[in-house]
>>> print(open('query.cif').read())   # mmCIF, C-alpha atoms and all ligand atoms
data_structure
#
loop_
_atom_site.label_atom_id
_atom_site.label_comp_id
_atom_site.auth_asym_id
_atom_site.auth_seq_id
_atom_site.Cartn_x
_atom_site.Cartn_y
_atom_site.Cartn_z
CA MET J 1 23.50 100.54 -138.13
CA ILE J 2 25.03 98.62 -141.05
CA LYS J 3 28.66 97.68 -140.47
CA LEU J 4 31.09 97.15 -143.35
CA TYR J 5 34.38 95.33 -142.89
CA SER J 6 36.62 96.91 -145.48
CA PHE J 7 40.19 97.85 -146.37
CA PRO J 8 40.11 101.34 -147.90
CA PRO J 9 42.53 100.83 -150.84
CA SER J 10 40.85 97.53 -151.87
CA ALA J 11 38.51 97.43 -154.81
CA ASN J 12 36.02 94.73 -153.76
CA PRO J 13 34.96 96.60 -150.59
CA TYR J 14 34.75 99.74 -152.75
CA LYS J 15 31.87 98.13 -154.67
CA VAL J 16 29.86 97.99 -151.46
CA ARG J 17 30.89 101.43 -150.14
CA LEU J 18 29.93 102.92 -153.49
CA PHE J 19 26.48 101.34 -153.41
CA LEU J 20 25.85 102.24 -149.76
CA GLU J 21 26.64 105.86 -150.65
CA MET J 22 24.42 105.73 -153.75
CA LEU J 23 21.54 104.39 -151.69
CA GLY J 24 22.16 107.10 -149.09
CA LEU J 25 22.45 104.53 -146.30
CA GLU J 26 24.27 105.24 -143.06
CA TYR J 27 26.98 102.74 -142.21
CA GLN J 28 29.97 102.27 -140.03
CA SER J 29 33.21 101.17 -141.66
CA GLU J 30 35.57 98.83 -139.83
CA THR J 31 39.07 98.59 -141.31
CA VAL J 32 40.59 95.12 -141.67
CA ASN J 33 44.23 95.82 -142.45
CA LEU J 34 45.14 93.29 -145.15
CA LEU J 35 48.79 94.40 -145.12
CA GLU J 36 48.98 93.42 -141.43
CA GLY J 37 47.22 90.09 -142.03
CA GLU J 38 44.16 91.06 -139.98
CA HIS J 39 41.92 89.17 -142.43
CA LYS J 40 43.54 85.86 -141.43
CA THR J 41 43.14 86.24 -137.65
CA PRO J 42 40.82 83.76 -135.87
CA ALA J 43 38.53 86.66 -134.95
CA PHE J 44 38.03 87.72 -138.57
CA LEU J 45 37.91 84.14 -139.92
CA ALA J 46 35.01 83.56 -137.53
CA ILE J 47 33.17 86.33 -139.40
CA ASN J 48 34.26 85.24 -142.90
CA PRO J 49 35.98 81.84 -143.19
CA PHE J 50 37.26 82.91 -146.63
CA GLY J 51 39.40 85.57 -144.92
CA GLN J 52 38.41 88.31 -147.36
CA VAL J 53 36.79 91.71 -147.32
CA PRO J 54 34.14 92.97 -147.80
CA VAL J 55 31.76 91.62 -145.19
CA LEU J 56 28.56 93.46 -144.34
CA ILE J 57 26.60 93.10 -141.11
CA ASP J 58 23.03 94.41 -140.93
CA GLY J 59 21.41 93.50 -137.63
CA GLU J 60 21.34 89.70 -137.48
CA VAL J 61 22.41 89.30 -141.10
CA THR J 62 26.03 88.73 -142.16
CA VAL J 63 26.86 88.82 -145.88
CA ALA J 64 30.32 88.11 -147.30
CA ASP J 65 31.42 88.69 -150.91
CA ALA J 66 30.93 92.00 -152.70
CA GLN J 67 28.45 90.67 -155.27
CA ALA J 68 26.34 89.08 -152.52
CA CYS J 69 26.44 92.34 -150.54
CA LEU J 70 25.16 94.25 -153.60
CA ILE J 71 22.34 91.71 -154.07
CA TYR J 72 21.37 92.03 -150.40
CA LEU J 73 21.45 95.84 -150.39
CA GLY J 74 19.74 96.10 -153.77
CA ARG J 75 16.89 93.84 -152.79
CA LYS J 76 16.49 95.13 -149.23
CA TYR J 77 16.98 98.87 -149.73
CA GLY J 78 16.95 99.49 -153.48
CA ARG J 79 14.10 97.11 -154.34
CA GLU J 80 13.13 96.45 -157.98
CA GLU J 81 15.09 99.39 -159.34
CA TRP J 82 18.58 97.92 -158.95
CA LEU J 83 17.81 94.21 -159.17
CA PRO J 84 14.93 93.24 -161.45
CA THR J 85 12.58 90.38 -160.61
CA ASP J 86 11.46 89.50 -164.15
CA PRO J 87 13.26 86.41 -165.51
CA VAL J 88 15.05 88.12 -168.41
CA GLY J 89 16.18 91.16 -166.40
CA ALA J 90 17.30 88.95 -163.50
CA ALA J 91 19.29 86.73 -165.89
CA GLN J 92 21.01 89.75 -167.50
CA VAL J 93 22.02 91.06 -164.09
CA GLY J 94 23.12 87.55 -163.09
CA GLU J 95 25.32 87.28 -166.16
CA TRP J 96 27.10 90.57 -165.53
CA MET J 97 27.49 89.90 -161.79
CA SER J 98 29.23 86.66 -162.83
CA ARG J 99 31.42 88.64 -165.24
CA ALA J 100 32.30 90.91 -162.30
CA ALA J 101 33.41 87.93 -160.23
CA ASN J 102 35.21 86.16 -163.09
CA GLU J 103 36.41 88.08 -166.18
CA ILE J 104 36.58 91.44 -164.39
CA HIS J 105 38.17 90.01 -161.24
CA ASN J 106 40.74 87.91 -163.10
CA GLY J 107 41.48 90.71 -165.58
CA PRO J 108 41.19 94.32 -164.41
CA TRP J 109 41.13 93.57 -160.65
CA LEU J 110 44.12 91.22 -160.78
CA THR J 111 46.08 93.54 -163.09
CA ARG J 112 45.62 96.41 -160.62
CA PHE J 113 46.68 94.16 -157.75
CA ALA J 114 49.73 92.88 -159.69
CA THR J 115 50.72 96.46 -160.59
CA MET J 116 50.35 97.81 -157.06
CA ARG J 117 51.90 94.78 -155.31
CA PRO J 118 54.75 93.63 -157.60
CA GLY J 119 55.79 90.01 -157.16
CA ARG J 120 52.48 88.89 -155.65
CA VAL J 121 50.88 87.55 -158.84
CA ASP J 122 52.42 84.66 -160.71
CA ILE J 123 50.89 85.48 -164.11
CA PRO J 124 52.85 87.43 -166.76
CA MET J 125 51.73 91.04 -167.09
CA GLU J 126 51.08 90.62 -170.83
CA VAL J 127 48.59 87.84 -170.07
CA LEU J 128 46.85 90.08 -167.54
CA HIS J 129 46.75 92.95 -170.05
CA GLU J 130 45.28 90.61 -172.68
CA ARG J 131 42.55 89.67 -170.22
CA CYS J 132 41.79 93.36 -169.57
CA HIS J 133 41.54 94.17 -173.26
CA GLY J 134 39.41 91.07 -173.88
CA ILE J 135 36.71 92.07 -171.40
CA LEU J 136 36.93 95.79 -172.25
CA GLY J 137 36.35 94.92 -175.91
CA VAL J 138 33.25 92.89 -175.08
CA MET J 139 31.93 95.64 -172.81
CA ASP J 140 32.54 98.24 -175.51
CA LEU J 141 30.49 96.26 -178.05
CA ARG J 142 27.65 95.79 -175.59
CA LEU J 143 27.68 99.44 -174.54
CA ALA J 144 27.51 100.47 -178.20
CA LYS J 145 24.00 98.98 -178.19
CA GLN J 146 22.73 99.89 -174.74
CA ASN J 147 23.33 102.41 -171.97
CA TRP J 148 24.06 100.02 -169.09
CA LEU J 149 25.72 96.63 -168.86
CA ALA J 150 22.76 94.47 -167.88
CA LEU J 151 19.73 96.53 -168.94
CA ASP J 152 19.32 99.31 -171.45
CA ASP J 153 16.99 101.56 -169.52
CA ARG J 154 18.62 101.71 -166.11
CA PRO J 155 21.76 100.93 -164.13
CA THR J 156 21.73 97.84 -161.94
CA ILE J 157 23.97 96.33 -159.28
CA ALA J 158 26.00 94.80 -162.14
CA ASP J 159 27.04 98.30 -163.24
CA VAL J 160 27.99 99.10 -159.63
CA ALA J 161 30.15 95.96 -159.34
CA ILE J 162 31.95 96.56 -162.63
CA PHE J 163 32.31 100.35 -162.35
CA ALA J 164 34.13 99.91 -159.03
CA ILE J 165 36.85 97.90 -160.76
CA VAL J 166 37.01 99.35 -164.28
CA SER J 167 37.14 102.94 -162.94
CA LEU J 168 40.39 102.00 -161.15
CA LEU J 169 42.19 100.77 -164.28
CA GLY J 170 44.46 103.83 -164.20
CA ASP J 171 46.16 102.17 -161.17
CA ALA J 172 46.81 99.18 -163.44
CA LYS J 173 48.28 101.45 -166.14
CA ILE J 174 45.55 100.38 -168.58
CA ALA J 175 44.04 103.17 -170.69
CA THR J 176 40.40 102.90 -171.68
CA SER J 177 40.63 105.57 -174.43
CA GLN J 178 40.32 102.99 -177.23
CA TYR J 179 36.93 101.96 -175.81
CA PRO J 180 34.72 105.05 -176.33
CA ASN J 181 31.53 103.31 -175.23
CA VAL J 182 33.18 102.15 -172.00
CA GLU J 183 34.42 105.69 -171.39
CA ALA J 184 30.94 107.10 -171.99
CA TRP J 185 29.48 104.51 -169.58
CA LEU J 186 32.08 105.40 -166.92
CA ALA J 187 31.08 109.06 -167.24
CA ARG J 188 27.35 108.20 -167.21
CA PHE J 189 27.72 106.05 -164.12
CA GLY J 190 29.92 108.59 -162.31
CA ALA J 191 27.21 111.24 -162.83
CA LEU J 192 24.56 109.18 -160.97
CA PRO J 193 23.47 110.56 -157.58
CA GLY J 194 25.67 109.64 -154.62
CA THR J 195 28.63 108.17 -156.49
CA VAL J 196 32.01 108.40 -154.78
CA ALA J 197 35.59 107.67 -155.80
CA LEU J 198 37.68 105.03 -154.03
CA ASP J 199 38.87 107.65 -151.52
CA GLY J 200 35.29 108.73 -150.77
CA THR J 201 35.41 111.97 -152.78
CA PRO J 202 32.00 112.65 -154.40
CA LEU J 203 32.01 112.04 -158.16
CA SER J 204 28.61 113.47 -158.89
CA ASP J 205 27.13 116.86 -158.04
CA LYS J 206 23.72 115.19 -157.58
N1 LIG J 301 34.80 87.16 -154.30
C1 LIG J 301 35.18 88.09 -153.28
C2 LIG J 301 36.64 88.45 -153.42
C3 LIG J 301 37.04 89.39 -152.31
C4 LIG J 301 38.52 89.72 -152.36
O1 LIG J 301 39.30 89.19 -153.17
N2 LIG J 301 38.88 90.62 -151.48
C5 LIG J 301 40.25 91.00 -151.36
C6 LIG J 301 40.37 92.51 -151.18
S1 LIG J 301 39.85 93.36 -152.67
C7 LIG J 301 40.80 90.31 -150.13
O2 LIG J 301 40.18 90.31 -149.08
N3 LIG J 301 41.97 89.69 -150.27
C8 LIG J 301 42.62 89.01 -149.24
C9 LIG J 301 42.79 87.55 -149.52
O3 LIG J 301 42.15 87.01 -150.44
O4 LIG J 301 43.60 86.94 -148.81
C10 LIG J 301 34.32 89.36 -153.37
O5 LIG J 301 33.86 89.68 -154.47
O6 LIG J 301 34.09 90.01 -152.36
#
>>> encode(input="query.cif", output="C-alpha cells")
Amino acid sequence: MIKLYSFPPSANPYKVRLFLEMLGLEYQSETVNLLEGEHKTPAFLAINPFGQVPVLIDGEVTVADAQACLIYLGRKYGREEWLPTDPVGAAQVGEWMSRAANEIHNGPWLTRFATMRPGRVDIPMEVLHERCHGILGVMDLRLAKQNWLALDDRPTIADVAIFAIVSLLGDAKIATSQYPNVEAWLARFGALPGTVALDGTPLSDK
C-alpha cells in the first residue's frame, strides 16, 4: 500500500493527501511531527535528505516534494487526465506547478506559516501580504478567461497543488473576496469528486 509521510496541519502534505483521496487510492499515513523535530532525525533524513514532508513511498519507489508526488500519482494512477502529454498542455501544467513551488509557496504558503508560527519568518507581514495579492491578482485574471489554472477544459495536478494552499488562506487572514474568479475556481474545485479539507472532512458530495 502507498505510504505518505505527512504532518497533518502542514499544507504541502495536504496537496498529496487531497490528490490521493480524489483518485480514490488507499494509503497509509505516517505522521512526522515537525514540532518535535522528527523531520531532522537521521532516520527521516535517510528517507528525504531535505528533511521535509511530504514523502510518498509506493513499493520500491520513493518520491519527495509535493509537486513531484502529484506528477508521480497523476501519471501512474490518473494517466492523461490530470497530466497531459501534448507539448502545450504539458508546458501549461509545468508553468503552474512552478508557480505552486515559487509564487504560491513564497506568498500564500509562507504567509500562513508566518501567521500560525509568529517569529519564525524574517520577512515583514506587509511584504508577505503583497506577495499574496500579487499572485491572487494574476490567478484572477487567468481564471476570468478559463475554468482551470493550466487548461480550460479540465482540472490538472496544477489545480490540486494550488488549491491546497490557496484554500487555506483564511489561516493567513487573507480574504479572497476581491478575487471573484479565484473564489469561483475554489468552489468549482471543491465540488470535484473526492475532495477533502485539510482535516480530512469531505468537501464534495460526489
Ligand atoms: N518543496 C517542498 C517543500 C516542502 C515543505 O516545505 N514542507 C514543510 C511542511 S509544509 C516542511 O517539511 N518543513 C520543514 C522544514 O523545511 O524544515 C514540497 O513542495 O514538498
>>> atom_distance(input="query.cif", atom1="CA of Glu36 in chain J", atom2="CA of Pro118 in chain J")
17.2 Å
>>> residues_near_ligand(input="query.cif", ligand="ligand LIG 301 (chain J)", cutoff="9 Å", atoms="only C-alpha atoms and all ligand atoms", output="ChimeraX atom specification")
/J:6-7,9-15,32,34,37,39-40,50-55,64-69,100-102,105,109,113,161
>>> residues_around(input="query.cif", residues="Tyr72 in chain J", least_positions_apart="5", cutoff="10 Å", atoms="only C-alpha atoms", output="ChimeraX atom specification")
/J:56,58,61,63,66-67,77-79,83
>>> closest_residue(input="query.cif", among="J:Asp171, J:Asn48, J:Met1, J:Tyr179", to="Arg117 in chain J", atoms="all atoms listed in the file")
J:Asp171
>>> closest_residue(input="query.cif", among="J:Leu4, J:Leu169, J:Leu192, J:Leu149", to="His129 in chain J", atoms="only C-alpha atoms")
J:Leu169
>>> atom_distance(input="query.cif", atom1="CA of Leu198 in chain J", atom2="CA of Ser177 in chain J")
20.6 Å
>>> atom_distance(input="query.cif", atom1="CA of Pro155 in chain J", atom2="CA of Ile71 in chain J")
13.7 Å
>>> residues_around(input="query.cif", residues="Ile123 in chain J", least_positions_apart="5", cutoff="10 Å", atoms="all atoms listed in the file", output="NGL selection string")
:J and (110-111 or 114 or 128)
>>> closest_residue(input="query.cif", among="J:Met116, J:Ala172, J:Ile157, J:Leu186", to="Leu20 in chain J", atoms="all atoms listed in the file")
J:Ile157
>>> closest_residue(input="query.cif", among="J:Leu23, J:Leu18, J:Ile47, J:Cys132", to="Ala175 in chain J", atoms="all atoms listed in the file")
J:Cys132
>>> residues_around(input="query.cif", residues="Met22 in chain J", least_positions_apart="3", cutoff="10 Å", atoms="only C-alpha atoms", output="list in words")
Val16, Arg17, Leu18, Phe19, Leu25, Gly78, Val160, Leu192, Pro193, Gly194, Thr195 and Val196 of chain J
>>> closest_residue(input="query.cif", among="J:Pro8, J:Gly134, J:Met97, J:Thr156", to="Leu35 in chain J", atoms="only C-alpha atoms")
J:Pro8
>>> closest_residue(input="query.cif", among="J:Ala43, J:Leu151, J:Ile2, J:Ile104", to="Val88 in chain J", atoms="only C-alpha atoms")
J:Leu151
